[in-house]
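Trainee: Have a look at this one before I ask anything.
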6 protein chains.
Amino acid sequence: MGMIDVTLKEVVYREAVAEGIIKLRRDTLKRILEGRVEKGDVLTIARASAINAVKKTSELILLCHNIPITHVSVSFDVLDDERLRVRVLVKALAKTGVEMEALMGASAALLNIWDMVKSYEKDERGQYPHTSIERISVVSKVKGEAIT
Amino acid sequence: MGMIDVTLKEVVYREAVAEGIIKLRRDTLKRILEGRVEKGDVLTIARASAINAVKKTSELILLCHNIPITHVSVSFDVLDDERLRVRVLVKALAKTGVEMEALMGASAALLNIWDMVKSYEKDERGQYPHTSIERISVVSKVKGEAIT
Amino acid sequence: MGMIDVTLKEVVYREAVAEGIIKLRRDTLKRILEGRVEKGDVLTIARASAINAVKKTSELILLCHNIPITHVSVSFDVLDDERLRVRVLVKALAKTGVEMEALMGASAALLNIWDMVKSYEKDERGQYPHTSIERISVVSKVKGEAIT
Amino acid sequence: MGMIDVTLKEVVYREAVAEGIIKLRRDTLKRILEGRVEKGDVLTIARASAINAVKKTSELILLCHNIPITHVSVSFDVLDDERLRVRVLVKALAKTGVEMEALMGASAALLNIWDMVKSYEKDERGQYPHTSIERISVVSKVKGEAIT
Amino acid sequence: MGMIDVTLKEVVYREAVAEGIIKLRRDTLKRILEGRVEKGDVLTIARASAINAVKKTSELILLCHNIPITHVSVSFDVLDDERLRVRVLVKALAKTGVEMEALMGASAALLNIWDMVKSYEKDERGQYPHTSIERISVVSKVKGEAIT
Amino acid sequence: MGMIDVTLKEVVYREAVAEGIIKLRRDTLKRILEGRVEKGDVLTIARASAINAVKKTSELILLCHNIPITHVSVSFDVLDDERLRVRVLVKALAKTGVEMEALMGASAALLNIWDMVKSYEKDERGQYPHTSIERISVVSKVKGEAIT
């Protein structure tokens with residue numbers, strides 16, 4: 001057990017897209033889209049938190065390598081009136097893939113959205129019967145040619 | 001916008017349980033349960049990573065408070081031959097709830113599991129058609145009496 | 001030398017406001033205010049970065065204590081057509097003051113603004129003749145009554 | 001919005017010098033220069049804190065890249081009997097410039113100086129009428145030839 | 001003083017092995033080896049903590065560079081009935097050596113072992129008369145040929 | 001397994017002293033004491049790094065709690081012409097002991113000393129035949145009366 005030995009692997013172009021969906025109350029999703037969330041601009045904070053989390057991946061995935069990331073972008077899609085999808089694209093020139101970084105970014109974005117709308121999602125007993133994160137997955141992974 | 005003002009809120013007992021499910025190939029889940037994963041003991045690493053992530057929550061949820069956690073425990077349940085559920089219980093005596101900490105712990109545990117079994121989950125093109133995180137949610141939240 | 005001994009000091013209400021001013025090209029400040037910065041919403045990112053930095057103060061000020069912060073808020077004022085002022089208010093119930101936290105928050109907010117508008121501020125040789133941070137200072141500090 | 005895509009940019013020599021000035025009471029600056037500050041050697045701590053902060057830049061500037069730094073040096077100049085200037089030089093072989101790293105190092109050095117002399121700078125009401133950070137700026141930025 | 005300038009140094013293969021020994025009560029070491037420690041699997045946690053610490057070296061060694069690590073492995077040897085030795089191997093392609101990373105990994109592994117068996121090691125007055133870390137050292141260091 | 005539940009434990013005064021010894025070449029120890037180390041003032045950096053590491057303990061000891069530290073002090077003793085001892089005293093008002101924090105501080109101080117004198121300690125083959133950390137241990141631990 002340990003951190004996998006990638007010393008001899010080539011540095012190649014790496015790309016991964018991960019996505020995740022958060023299910024919210026209809027009113028809450030409307031608030032987000034209309035910019036009426038008291039804590040601020042939810043999607044901007046979610047974007048920034050995804051980028052921050054991508055950079056922190058090696059502190060959270062205990063056995064993974066620290067990879068120099070060259071690009072992160074974050075996009076949002078409204079799937080229906082209670083579902084918001086986050087997609088995180090990560091690029092690097094590296095010896096290992098960046099899918100864990102993309103997954104970490106998507107997870108962080110979703111959790112930051114949840115955090116910002118907690119007060120609208122909780123029921124009268126402080127529980128979250130309407131809120132959940134659905135299906136976090138890797139949409140695609142690209143491994144480029146060796147750079148020589 | 002900012003970090004919510006909790007200065008005048010009472011310090012009370014806080015507890016939250018969050019859970020998440022990871023869907024894997026049957027062979028992979030079997031490997032985990034039989035301790036045949038090359039990278040090491042998946043569930044022990046997942047537990048440690050959840051505790052580590054709970055402590056790092058305020059670095060990842062940009063607007064949240066740093067809360068002194070008094071307990072974290074992590075349990076696993078095999079739901080069927082391709083689904084593993086992680087539950088994370090967090091306790092604190094604090095001015096705000098600890099559901100974000102529990103959610104962060106559950107997410108980190110699931111992503112560490114994914115990371116440890118990547119090589120068994122990838123198909124021949126390096127994609128993850130079989131792997132996904134399903135439904136991360138808050139199981140319960142407790143807010144105790146004020147401590148005076 | 002060391003970390004000052006505050007063991008026997010009382011936990012009291014603490015508040016500090018720090019401010020800092022960034023001087024930018026007129027066009028850049030206009031862009032920020034009109035939301036035309038390509039990298040995104042500058043003031044939202046500056047706010048989030050200030051809160052993040054306040055929480056990280058004890059990692060950056062080597063001899064300072066780690067203080068549980070109960071509130072951070074960030075506000076912006078346009079002083080003239082090339083000056084933007086950031087004010088950061090920090091609250092805590094703590095044994096020591098929170099002015100370093102407020103100063104760290106203000107500094108981080110200003111540096112994040114700079115980072116987001118780099119491409120508009122650089123001259124043709126890649127230098128920053130127009131950009132500077134002016135006068136970071138503590139506006140006020142409050143030390144409350146002991147809580148018993 | 002996101003982290004700028006630098007995947008295709010060349011790795012070249014990067015250098016940046018940032019500076020900042022702190023204004024202190026005359027007696028305090030004298031104490032620093034004569035090594036009579038109770039908390040310890042102010043300039044050594046300021047140097048170490050600058051290097052530490054340079055390495056943490058990507059945790060504080062939310063959208064910036066994590067850059068492998070190859071050199072940091074820190075120098076001090078007494079401008080007059082109440083002004084101390086800090087200069088931070090950062091070098092790297094990287095796809096993006098290192099001016100944010102140099103600015104972060106200078107800011108951290110100044111804030112650590114402030115932290116170490118708080119007790120001499122505060123007035124009888126606990127305020128800082130004499131203390132301020134003046135003009136943090138980028139002195140110069142160098143972008144070298146491509147390394148091939 | 002500062003972070004040593006390695007800008008012009010070549011990137012070469014680097015390897016370092018560090019080791020450290022922890023002396024425990026006989027009963028405690030037996031518990032570890034038989035998997036009867038209440039807090040969990042000591043050696044798995046020690047391994048994970050070493051890898052985590054190796055990645056955090058530049059946050060703890062104030063003047064050192066941040067190095068992209070390509071491999072970490074951790075092994076354990078029982079020296080006698082009260083001594084357990086940890087060896088940490090670190091590899092990188094870098095401009096500077098990785099012995100500090102290996103030493104940090106070994107130290108962290110030993111301290112995590114200590115933390116997990118505290119309750120068995122303390123005497124009735126809460127002291128640790130039987131526990132100590134003995135001789136942390138660099139076993140070997142390799143500096144490879146330049147990569148061109 | 002998990003983070004031990006301390007929710008119901010009382011907050012009491014906690015104190016721990018840990019120590020560690022580093023063995024160096026005679027010339028190197030002389031250099032340190034005479035302030036002739038090129039990288040800077042070794043003991044000041046060692047002190048600062050110990051305080052920094054104490055604050056980071058919960059990031060390195062995977063299962064331990066995050067404790068609000070109220071005091072850290074660091075002292076040095078020259079044991080003979082090749083041995084330097086570091087002692088780290090940590091205080092807190094907390095639900096658990098602070099011996100891991102003191103041990104982490106002592107370890108970090110020793111490793112920072114090593115890092116600063118690497119060039120004087122290495123032999124012509126880049127090895128460290130003369131350098132080792134000897135006996136890191138807990139000197140004393142105090143658990144005060146409950147605060148009510």
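Chain labels A, B, ... are given in the sequence in which chains occur in the structure tokens; within each chain residues are numbered consecutively from 1, and ligands are likewise numbered from 1 in the order shown.
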Given only C-alpha atoms, how would the per-residue table for chain A near chain F read, listing every residue at most 12 Å away with its closest atom pair and distance in Å to one decimal, sorted by chain and number, as JSON lines?
Mentor:
{"residue": "A:Glu59", "atom": "CA", "partner": "F:Glu59", "partner_atom": "CA", "distance": 9.0}
{"residue": "A:Leu60", "atom": "CA", "partner": "F:Glu59", "partner_atom": "CA", "distance": 10.4}
{"residue": "A:Leu62", "atom": "CA", "partner": "F:Leu62", "partner_atom": "CA", "distance": 10.2}
Trainee: Apply DSSP to the backbone of this structure and, from chain C, keep only the residues in strand (DSSP E or B); write these as a PyMOL selection string.
Mentor: chain C and resi 2-3+12-23+69-80+83-94+132-146
Trainee: Using 12 Å as the limit and counting only C-alpha atoms, can you tabulate each residue of stretch 48-110 of chain A that touches stretch 66-75 of chain D, with its shortest atom-to-atom distance in Å and the two atoms involved, as a tab-separated table?
Mentor:
residue	atom	partner	partner_atom	distance
A:Ile51	CA	D:Asn66	CA	11.1
A:Asn52	CA	D:Asn66	CA	10.5
A:Val54	CA	D:Asn66	CA	10.7
A:Lys55	CA	D:Asn66	CA	7.4
A:Lys56	CA	D:Asn66	CA	10.1
A:Asn66	CA	D:Asn66	CA	10.2
A:Ile67	CA	D:Asn66	CA	9.1
A:Pro68	CA	D:Asn66	CA	6.4
A:Ile69	CA	D:Asn66	CA	7.2
A:Thr70	CA	D:Asn66	CA	8.6
A:His71	CA	D:Asn66	CA	10.6
A:Val72	CA	D:Asn66	CA	12.0
A:Ala92	CA	D:Asn66	CA	11.6
Trainee: Can you pull out every residue within 7 Å of D:Gly144, counting only C-alpha atoms, but drop anything in the same chain fewer than 6 positions away, and send it as a ChimeraX atom specification?
Mentor: /D:12-14
Trainee: Name the residues in contact with E:Lys23 at a cut-off of 9 Å, using only C-alpha atoms, excluding same-chain residues fewer than 3 positions from it; report them as a list in words.
Mentor: Arg26, Leu29, Glu82, Arg83, Leu84, Arg85, His130, Thr131, Ser132, Ile133 and Glu134 of chain E
Trainee: Could you dump the residues just selected with N, CA and C atoms as a JSON list (two decimals), in the first residue's frame?
Mentor:
[["chain", "number", "residue", "atom", "x", "y", "z"],
["E", 26, "ARG", "N", 5.34, -3.80, 25.75],
["E", 26, "ARG", "CA", 5.20, -5.06, 25.02],
["E", 26, "ARG", "C", 3.74, -5.38, 24.68],
["E", 29, "LEU", "N", 2.53, -3.28, 21.69],
["E", 29, "LEU", "CA", 3.03, -3.71, 20.38],
["E", 29, "LEU", "C", 2.32, -5.00, 19.95],
["E", 82, "GLU", "N", 9.40, -4.76, 21.89],
["E", 82, "GLU", "CA", 8.86, -3.43, 22.20],
["E", 82, "GLU", "C", 9.29, -2.34, 21.22],
["E", 83, "ARG", "N", 9.81, -2.73, 20.09],
["E", 83, "ARG", "CA", 10.28, -1.72, 19.14],
["E", 83, "ARG", "C", 9.74, -2.00, 17.74],
["E", 84, "LEU", "N", 9.12, -0.96, 17.17],
["E", 84, "LEU", "CA", 8.57, -1.04, 15.81],
["E", 84, "LEU", "C", 9.29, 0.02, 14.98],
["E", 85, "ARG", "N", 9.79, -0.42, 13.82],
["E", 85, "ARG", "CA", 10.49, 0.53, 12.94],
["E", 85, "ARG", "C", 9.63, 0.85, 11.73],
["E", 130, "HIS", "N", 7.00, 4.73, 29.31],
["E", 130, "HIS", "CA", 7.47, 3.62, 28.47],
["E", 130, "HIS", "C", 7.59, 3.99, 27.00],
["E", 131, "THR", "N", 7.06, 5.13, 26.63],
["E", 131, "THR", "CA", 6.91, 5.44, 25.21],
["E", 131, "THR", "C", 7.97, 6.44, 24.78],
["E", 132, "SER", "N", 8.60, 6.15, 23.67],
["E", 132, "SER", "CA", 9.48, 7.18, 23.08],
["E", 132, "SER", "C", 9.75, 6.85, 21.62],
["E", 133, "ILE", "N", 10.08, 7.89, 20.89],
["E", 133, "ILE", "CA", 10.53, 7.72, 19.51],
["E", 133, "ILE", "C", 12.04, 7.73, 19.56],
["E", 134, "GLU", "N", 12.62, 6.73, 18.96],
["E", 134, "GLU", "CA", 14.08, 6.58, 19.00],
["E", 134, "GLU", "C", 14.65, 6.73, 17.60]]
Trainee: With only C-alpha atoms as the counted atoms, please give the residues lying no more than 7 Å from stretch 96-98 of chain B, apart from itself and same-chain residues fewer than 2 positions off, as a PyMOL selection string.
Mentor: chain B and resi 14-16+90+94+100-102
Trainee: Please produce a file of those selected residues containing N, CA and C atoms, as a PDB file, in the first residue's frame.
Mentor:
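Writing the result to selection.pdb gives the following:
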ATOM      1  N   ARG B  14     -24.835  19.444  19.234  1.00  0.00           N
ATOM      2  CA  ARG B  14     -25.161  19.325  17.814  1.00  0.00           C
ATOM      3  C   ARG B  14     -24.762  17.938  17.339  1.00  0.00           C
ATOM      4  N   GLU B  15     -25.576  17.376  16.523  1.00  0.00           N
ATOM      5  CA  GLU B  15     -25.280  16.057  15.977  1.00  0.00           C
ATOM      6  C   GLU B  15     -25.855  16.000  14.576  1.00  0.00           C
ATOM      7  N   ALA B  16     -25.138  15.384  13.676  1.00  0.00           N
ATOM      8  CA  ALA B  16     -25.700  15.183  12.336  1.00  0.00           C
ATOM      9  C   ALA B  16     -25.171  13.876  11.785  1.00  0.00           C
ATOM     10  N   VAL B  90     -21.359  13.054  13.141  1.00  0.00           N
ATOM     11  CA  VAL B  90     -20.514  14.120  13.690  1.00  0.00           C
ATOM     12  C   VAL B  90     -21.217  14.732  14.899  1.00  0.00           C
ATOM     13  N   ALA B  94     -21.713  23.448  19.807  1.00  0.00           N
ATOM     14  CA  ALA B  94     -21.418  24.556  18.903  1.00  0.00           C
ATOM     15  C   ALA B  94     -22.615  25.459  18.717  1.00  0.00           C
ATOM     16  N   MET B 100     -23.055  20.118   7.482  1.00  0.00           N
ATOM     17  CA  MET B 100     -22.098  20.262   6.381  1.00  0.00           C
ATOM     18  C   MET B 100     -20.845  19.424   6.653  1.00  0.00           C
ATOM     19  N   GLU B 101     -20.439  19.338   7.923  1.00  0.00           N
ATOM     20  CA  GLU B 101     -19.286  18.524   8.295  1.00  0.00           C
ATOM     21  C   GLU B 101     -19.579  17.043   8.007  1.00  0.00           C
ATOM     22  N   ALA B 102     -20.788  16.592   8.354  1.00  0.00           N
ATOM     23  CA  ALA B 102     -21.135  15.187   8.112  1.00  0.00           C
ATOM     24  C   ALA B 102     -21.188  14.902   6.610  1.00  0.00           C
TER      25      ALA B 102
END
Trainee: Could you list, as an MDAnalysis selection string, every residue within 8 Å of C:Met104, counting only C-alpha atoms and ignoring same-chain residues fewer than 6 positions away?
Mentor: (chainID C and resid 50 53:54 57) or (chainID D and resid 111)
Trainee: Those residues you just picked out, can you put them in a file as an mmCIF file, in the first residue's frame with C-alpha atoms?
Mentor:
data_model
loop_
_atom_site.group_PDB
_atom_site.id
_atom_site.type_symbol
_atom_site.label_atom_id
_atom_site.label_comp_id
_atom_site.auth_asym_id
_atom_site.auth_seq_id
_atom_site.Cartn_x
_atom_site.Cartn_y
_atom_site.Cartn_z
ATOM 1 C CA ALA C 50 -11.777 37.407 2.612
ATOM 2 C CA ALA C 53 -8.487 34.082 4.564
ATOM 3 C CA VAL C 54 -9.917 35.109 7.936
ATOM 4 C CA THR C 57 -5.125 33.553 9.659
ATOM 5 C CA LEU D 111 1.088 41.470 8.756
#
Trainee: Write out as a PyMOL selection string which residues come within 12 Å of B:Val86 when counting only C-alpha atoms, dropping same-chain ones fewer than 3 positions away.
Mentor: chain B and resi 17-23+43+46-47+50+73-79+83+89+102-113+133-139
Trainee: Please write the residues from the selection above to a file, keeping C-alpha atoms, as a compact mmCIF listing (two decimals), in the first residue's frame.
Mentor:
# COMPACT_ATOMS: atom_id res chain seq x y z
CA VAL B 17 -25.64 11.96 10.36
CA ALA B 18 -25.05 12.08 6.62
CA GLU B 19 -24.87 9.18 4.24
CA GLY B 20 -23.88 8.44 0.71
CA ILE B 21 -23.89 5.40 -1.53
CA ILE B 22 -21.28 4.35 -4.05
CA LYS B 23 -22.16 1.99 -6.87
CA LEU B 43 -12.62 0.89 4.57
CA ALA B 46 -12.20 5.72 3.87
CA ARG B 47 -12.80 6.14 7.62
CA ALA B 50 -13.80 11.07 6.39
CA SER B 73 -17.63 7.97 13.53
CA VAL B 74 -17.99 6.25 10.20
CA SER B 75 -19.89 3.07 9.38
CA PHE B 76 -20.39 1.02 6.23
CA ASP B 77 -23.29 -1.08 5.00
CA VAL B 78 -23.41 -3.31 1.98
CA LEU B 79 -26.79 -2.57 0.39
CA ARG B 83 -23.76 -0.78 -3.54
CA LEU B 89 -21.90 10.79 12.46
CA ALA B 102 -21.13 15.19 8.11
CA LEU B 103 -21.84 15.66 4.40
CA MET B 104 -18.21 16.55 3.75
CA GLY B 105 -17.06 13.47 5.64
CA ALA B 106 -19.40 11.19 3.68
CA SER B 107 -18.36 12.71 0.35
CA ALA B 108 -14.66 12.33 1.16
CA ALA B 109 -15.10 8.72 2.25
CA LEU B 110 -16.86 7.89 -1.02
CA LEU B 111 -14.24 9.65 -3.14
CA ASN B 112 -11.42 7.88 -1.29
CA ILE B 113 -13.11 4.54 -1.96
CA ILE B 133 -21.96 8.13 -6.20
CA GLU B 134 -25.66 7.93 -5.55
CA ARG B 135 -27.73 10.07 -3.25
CA ILE B 136 -25.72 11.88 -0.60
CA SER B 137 -28.15 13.11 2.04
CA VAL B 138 -28.60 14.16 5.66
CA VAL B 139 -30.16 11.27 7.59
